[in-house]
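Below: the structure, in structure tokens.
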Amino acid sequence: MGNVATTAVRNVVLLGHAGSGKTSLAEVLLHRAGATSRLGRVDEGTSVLDVDPESIKRRTTLTLAVAALDWTSPGGERFKVNLLDTPGHDDFGQVVDAALSVADLAVVVVSAVDGVQAGTERAWARCEELGLPRLLFVSKEDKAGADFEGTLAQLRDAFGAAVLPLELPVGSQQSFHGVTDVLFDRAREYDGEGRGTDVDVPADQLDEERRRHDELVEEVVSGDDEQLERYLAGEAISAEDVERTLATEVAAAMVFPVLLGSAASGVGVDRLADFVCELGPSPAQRPAHVLVDGADTEVPADPAGEPLVQVFRTVADQFVGQVSLLKVLSGTLQGDEHLTNTSTGTDERLHGLFFLRGKEHLPAEEVVAGDLAGVAKLSGSPTRSLLALPGRPVALAALPAPAAGFTRAVRPVTQSDDDKLPEALRKLCAEDPGLVVVQDEEAGQVLVTAVGDTHLAVALERLERKFGVRVETEDVRVPYRETIARPVEVEGKVKKQSGGHGQFAVVQLKVSPAPRGAGLEFVDSIVGGAIPRHYLPAVERGIEDAMAQGGPLGHRVTDLVVECVDGKYHSVDSSDMAFRTAAALGLSQALAQAGTVALEPVWSVSVTVPSGSQGDVLADLATRRGRVVDTGGGINGDEVIEALVPMAELRRYAVDLRAITAGRGRYRAVPDRYEPVPENLAAATKAGAAR
């Protein structure tokens with residue numbers, strides 16, 4: 001694969017709902033371009049772009065794959081297209097974000113059978129946030145139940161009148177065999193091998209094609225004052241002029257052309273490649289944005305500029321170590337380039353650059369600004385690193401905080417697994433930023449948070465396959481607390497004599513509940529020197545010891561007012577340890593005598609859902625003992641529900657919310673307070689106490 005100019009590079013991300021046909025479409029594009037000798041198939045596990053065993057096993061894309069191909073447009077111009085194939089499953093949004101961070105055009109794939117789905121809407125919303133240009137490709141036009149007009153109507157309802165069809169289907173469902181180009185007033189029919197031939201517009205489509213042509217021209221020229229003036233004056237605007245204006249408007253994300261076809265038969269796929277090259281923007285039209293001394297700054301994709309490289313994805317390869325996927329934001333990379341990580345100052349040698357085609361590494365002599373490539377062994381530069389010349393003060397803007405996810409505790413199966421687990425989890429998280437690992441010291445658990453249950457299952461499969469570490473999962477232990485039920489007065493006493501110095505201490509304590517969240521309030525009410533002042537810190541430490549050891553329910557104790565009102569000491573046998581022990585015994589006696597109340601952590605939850613799902617979500621929150629605090633309108637017609645929900649009821653909420661809202665709901669949760677556990681549930685907390 002040779003080099004091309006930056007203006008001939010097209011970085012194209014394929015987005016859409018799971019099962020819409022993104023990977024199959026990419027496979028046909030690669031095959032049509034001559035990049036592969038045989039057509040890979042997802043259902044047979046032979047896809048070039050399903051690069052990991054987990055994707056092959058499930059017959060669906062679960063990670064980001066990059067595949068470069070060369071394409072020659074109908075006008076004879078040569079382009080390099082970097083396809084970024086992404087998962088459609090909602091659990092892998094971080095992977096999609098990595099691809100979006102380096103793409104210049106999105107092709108949103110929509111099934112003609114299933115229409116607009118939750119994954120379609122998520123993809124569109126993310127592109128809108130980023131201002132990313134989009135094309136739409138209606139796939140599976142040859143399948144039973146395919147309905148192009150119905151799908152087009154759904155697209156316009158969902159995304160507005162700027163959704164413009166450039167093609168009409170010739171035939172329908174099993175008889176689908178061609179497409180009509182409504183811009184250039186011609187059609188292309190395909191044989192059984194997917195080879196196309198240009199023909200006249202079918203007679204039965206002439207009226208519809210002409211109407212669509214006029215609508216397209218009117219919509220496009222309305223965005224160009226000069227062309228609009230000519231059009232309103234009755235002057236005919238050539239299709240070539242309209243296409244140039246259309247390309248400008250696509251690059252500005254003002255209009256969104258709709259193409260159609262079938263990956264199974266190959267109909268329309270070559271035209272998608274043509275339009276990607278002719279209408280899609282190059283990196284030269286879309287400068288990168290970085291922070292320079294904290295200020296947002298454009299970086300033009302200039303091959304002659306200073307080198308600046310973004311690491312957008314890292315993958316642990318068991319044969320070559322860490323593989324980093326790069327986008328050259330500026331400059332031209334040569335072999336053996338030395339650059340510096342702008343965050344850590346680590347010097348990195350970019351040795352052995354290569355282009356990617358799935359698992360295949362194609363040697364690259366140089367990589368121009370705007371192009372994508374890979375390099376091995378950048379051990380000091382994880383995902384979202386920038387590499388530049390030394391001393392260049394650049395950084396990437398911080399990502400928004402991720403939505404709440406699905407958390408499980410993991411424990412190693414064997415001692416060997418235990419020894420390798422920390423480093424293996426570190427490498428796994430470097431490869432997949434959507435994972436978060438926390439060591440919960442209180443519960444003695446290693447917690448792994450993923451976006452959802454599928455994401456976690458796949459991550460743990462990779463943990464075993466790539467790093468040889470096997471783990472089992474268990475529920476996260478809820479950090480219950482308990483507090484004293486009523487005020488009580490007790491005496492703590494230590495009196496031991498064993499020859500020589502003994503141990504003697506007596507403390508009189510008043511123990512009562514404190515306001516929620518107060519922790520421990522220790523009050524010194526000693527008068528007359530009943531306990532010397534220098535022993536009082538030991539008394540307080542003894543109370544803290546007993547609180548940490550737990551009350552009758554087995555939970556850490558909190559929210560107490562402990563007043564030391566009297567006591568006794570011995571001039572020889574008293575000591576710090578004696579008073580510390582006496583205080584601990586006294587508090588334990590107080591808790592046993594007065595009884596305790598179990599407290600549970602309650603989280604503040606913000607749930608964003610489509611308005612049609614609000615009732616179901618509210619009903620579900622009620623079953624989780626949630627208390628709704630507020631409701632209100634969000635963006636794009638969504639509803640936002642603010643609620644307080646016990647942590648114990650949120651263990652599977654990420655998964656359950658997705659089921660309730662057909663994948664359209666999301667939520668964030670943060671710890672808020674502790675509240676008493678209802679009496680009918682308090683006994684159950686004892687069995688679940690952290691040990």
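Chain identifiers are assigned as A, B, and so on, following the order in which chains appear in the structure tokens; residues are numbered from 1 within each chain, and ligands are numbered from 1 in order of appearance.
Within 10 Å of A:Asp296, once only C-alpha atoms are used and residues closer than 6 positions along the same chain are dropped, the contacting residues are His289, Val290, Val394, Ala395, Leu396 and Ala397 of chain A.
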> Hey, what's within 8 Å of A:Val629 if we count only C-alpha atoms and toss same-chain stuff fewer than 3 positions away? As an NGL selection string, please?
Replying inline: :A and (641-644)
Let's have the selection written as a compact mmCIF listing (two decimals), in the first residue's frame, with N, CA and C atoms.
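again_2.txt, freshly written:
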```
# COMPACT_ATOMS: atom_id res chain seq x y z
N ILE A 641 -34.97 11.86 35.53
CA ILE A 641 -35.54 11.52 36.84
C ILE A 641 -34.42 11.54 37.86
N GLU A 642 -34.60 12.33 38.91
CA GLU A 642 -33.64 12.38 40.01
C GLU A 642 -34.24 11.59 41.18
N ALA A 643 -33.46 10.65 41.72
CA ALA A 643 -34.00 9.81 42.77
C ALA A 643 -32.90 9.42 43.75
N LEU A 644 -33.31 8.99 44.94
CA LEU A 644 -32.42 8.41 45.93
C LEU A 644 -32.74 6.92 46.02
```
Excluding A:Val469 and residues on its chain fewer than 6 positions from it, collect all residues at most 12 Å away from it, counting only C-alpha atoms, and give them as a PDB file with N, CA and C atoms, in the first residue's frame.
```pdb
ATOM      1  N   VAL A 410     -14.233  -9.680  41.629  1.00  0.00           N
ATOM      2  CA  VAL A 410     -13.554 -10.832  41.037  1.00  0.00           C
ATOM      3  C   VAL A 410     -12.560 -11.399  42.045  1.00  0.00           C
ATOM      4  N   ARG A 411     -12.430 -12.710  42.022  1.00  0.00           N
ATOM      5  CA  ARG A 411     -11.427 -13.359  42.876  1.00  0.00           C
ATOM      6  C   ARG A 411     -10.686 -14.392  42.038  1.00  0.00           C
ATOM      7  N   PRO A 412      -9.382 -14.486  42.209  1.00  0.00           N
ATOM      8  CA  PRO A 412      -8.581 -15.414  41.407  1.00  0.00           C
ATOM      9  C   PRO A 412      -8.906 -16.864  41.755  1.00  0.00           C
ATOM     10  N   VAL A 413      -8.778 -17.745  40.763  1.00  0.00           N
ATOM     11  CA  VAL A 413      -9.094 -19.154  40.967  1.00  0.00           C
ATOM     12  C   VAL A 413      -7.962 -19.861  41.709  1.00  0.00           C
ATOM     13  N   THR A 414      -6.700 -19.550  41.358  1.00  0.00           N
ATOM     14  CA  THR A 414      -5.551 -20.212  41.971  1.00  0.00           C
ATOM     15  C   THR A 414      -4.576 -19.165  42.505  1.00  0.00           C
ATOM     16  N   GLN A 415      -3.574 -19.629  43.254  1.00  0.00           N
ATOM     17  CA  GLN A 415      -2.556 -18.720  43.763  1.00  0.00           C
ATOM     18  C   GLN A 415      -1.783 -18.090  42.621  1.00  0.00           C
ATOM     19  N   SER A 416      -1.529 -18.871  41.565  1.00  0.00           N
ATOM     20  CA  SER A 416      -0.837 -18.327  40.393  1.00  0.00           C
ATOM     21  C   SER A 416      -1.639 -17.192  39.771  1.00  0.00           C
ATOM     22  N   ASP A 417      -2.965 -17.372  39.689  1.00  0.00           N
ATOM     23  CA  ASP A 417      -3.824 -16.302  39.167  1.00  0.00           C
ATOM     24  C   ASP A 417      -3.764 -15.074  40.063  1.00  0.00           C
ATOM     25  N   ASP A 418      -3.718 -15.304  41.382  1.00  0.00           N
ATOM     26  CA  ASP A 418      -3.658 -14.203  42.338  1.00  0.00           C
ATOM     27  C   ASP A 418      -2.383 -13.383  42.142  1.00  0.00           C
ATOM     28  N   ASP A 419      -1.268 -14.066  41.907  1.00  0.00           N
ATOM     29  CA  ASP A 419       0.007 -13.373  41.729  1.00  0.00           C
ATOM     30  C   ASP A 419      -0.002 -12.497  40.478  1.00  0.00           C
ATOM     31  N   LYS A 420      -0.667 -12.961  39.431  1.00  0.00           N
ATOM     32  CA  LYS A 420      -0.635 -12.250  38.144  1.00  0.00           C
ATOM     33  C   LYS A 420      -1.763 -11.242  37.980  1.00  0.00           C
ATOM     34  N   LEU A 421      -2.776 -11.306  38.860  1.00  0.00           N
ATOM     35  CA  LEU A 421      -3.995 -10.519  38.649  1.00  0.00           C
ATOM     36  C   LEU A 421      -3.762  -9.010  38.585  1.00  0.00           C
ATOM     37  N   PRO A 422      -3.025  -8.381  39.521  1.00  0.00           N
ATOM     38  CA  PRO A 422      -2.908  -6.906  39.472  1.00  0.00           C
ATOM     39  C   PRO A 422      -2.323  -6.394  38.158  1.00  0.00           C
ATOM     40  N   GLU A 423      -1.237  -6.993  37.694  1.00  0.00           N
ATOM     41  CA  GLU A 423      -0.609  -6.522  36.460  1.00  0.00           C
ATOM     42  C   GLU A 423      -1.489  -6.814  35.248  1.00  0.00           C
ATOM     43  N   ALA A 424      -2.163  -7.970  35.256  1.00  0.00           N
ATOM     44  CA  ALA A 424      -3.042  -8.304  34.138  1.00  0.00           C
ATOM     45  C   ALA A 424      -4.212  -7.326  34.048  1.00  0.00           C
ATOM     46  N   LEU A 425      -4.782  -6.952  35.193  1.00  0.00           N
ATOM     47  CA  LEU A 425      -5.884  -5.987  35.187  1.00  0.00           C
ATOM     48  C   LEU A 425      -5.404  -4.612  34.728  1.00  0.00           C
ATOM     49  N   LYS A 427      -3.024  -3.996  32.561  1.00  0.00           N
ATOM     50  CA  LYS A 427      -2.876  -4.050  31.102  1.00  0.00           C
ATOM     51  C   LYS A 427      -4.239  -4.091  30.423  1.00  0.00           C
ATOM     52  N   LEU A 428      -5.185  -4.802  31.030  1.00  0.00           N
ATOM     53  CA  LEU A 428      -6.519  -4.890  30.443  1.00  0.00           C
ATOM     54  C   LEU A 428      -7.183  -3.519  30.421  1.00  0.00           C
ATOM     55  N   ALA A 459     -14.532  -8.877  28.804  1.00  0.00           N
ATOM     56  CA  ALA A 459     -13.268  -8.453  29.417  1.00  0.00           C
ATOM     57  C   ALA A 459     -12.625  -9.597  30.190  1.00  0.00           C
ATOM     58  N   LEU A 460     -13.418 -10.373  30.922  1.00  0.00           N
ATOM     59  CA  LEU A 460     -12.858 -11.468  31.707  1.00  0.00           C
ATOM     60  C   LEU A 460     -12.401 -12.623  30.811  1.00  0.00           C
ATOM     61  N   GLU A 461     -13.071 -12.804  29.686  1.00  0.00           N
ATOM     62  CA  GLU A 461     -12.581 -13.788  28.716  1.00  0.00           C
ATOM     63  C   GLU A 461     -11.216 -13.362  28.170  1.00  0.00           C
ATOM     64  N   ARG A 462     -11.064 -12.072  27.884  1.00  0.00           N
ATOM     65  CA  ARG A 462      -9.772 -11.581  27.396  1.00  0.00           C
ATOM     66  C   ARG A 462      -8.704 -11.673  28.476  1.00  0.00           C
ATOM     67  N   LEU A 463      -9.103 -11.461  29.727  1.00  0.00           N
ATOM     68  CA  LEU A 463      -8.160 -11.576  30.839  1.00  0.00           C
ATOM     69  C   LEU A 463      -7.530 -12.968  30.852  1.00  0.00           C
TER      70      LEU A 463
END
```
Any chance you could tabulate, as JSON lines, the residues of stretch 513-540 of chain A at most 9 Å from stretch 577-590 of chain A with each one's nearest atom pair and distance in Å to one decimal, using only C-alpha atoms, in chain and rising number order?
```
{"residue": "A:Tyr535", "atom": "CA", "partner": "A:Phe579", "partner_atom": "CA", "distance": 6.7}
{"residue": "A:Leu536", "atom": "CA", "partner": "A:Phe579", "partner_atom": "CA", "distance": 8.0}
{"residue": "A:Pro537", "atom": "CA", "partner": "A:Arg580", "partner_atom": "CA", "distance": 8.5}
{"residue": "A:Ala538", "atom": "CA", "partner": "A:Arg580", "partner_atom": "CA", "distance": 4.8}
{"residue": "A:Val539", "atom": "CA", "partner": "A:Arg580", "partner_atom": "CA", "distance": 4.9}
{"residue": "A:Glu540", "atom": "CA", "partner": "A:Arg580", "partner_atom": "CA", "distance": 7.4}
```
> Just how far from atom CA of A:Arg32 is atom CA of A:Ala273, in Å to one decimal?
Replying inline: 9.5 Å
> Can you tell me, as number ranges by chain, what residues are no more than 9 Å from A:Glu563 when counting only C-alpha atoms, ignoring any on the same chain fewer than 4 positions away?
Replying inline: A: 508-512, 521-525
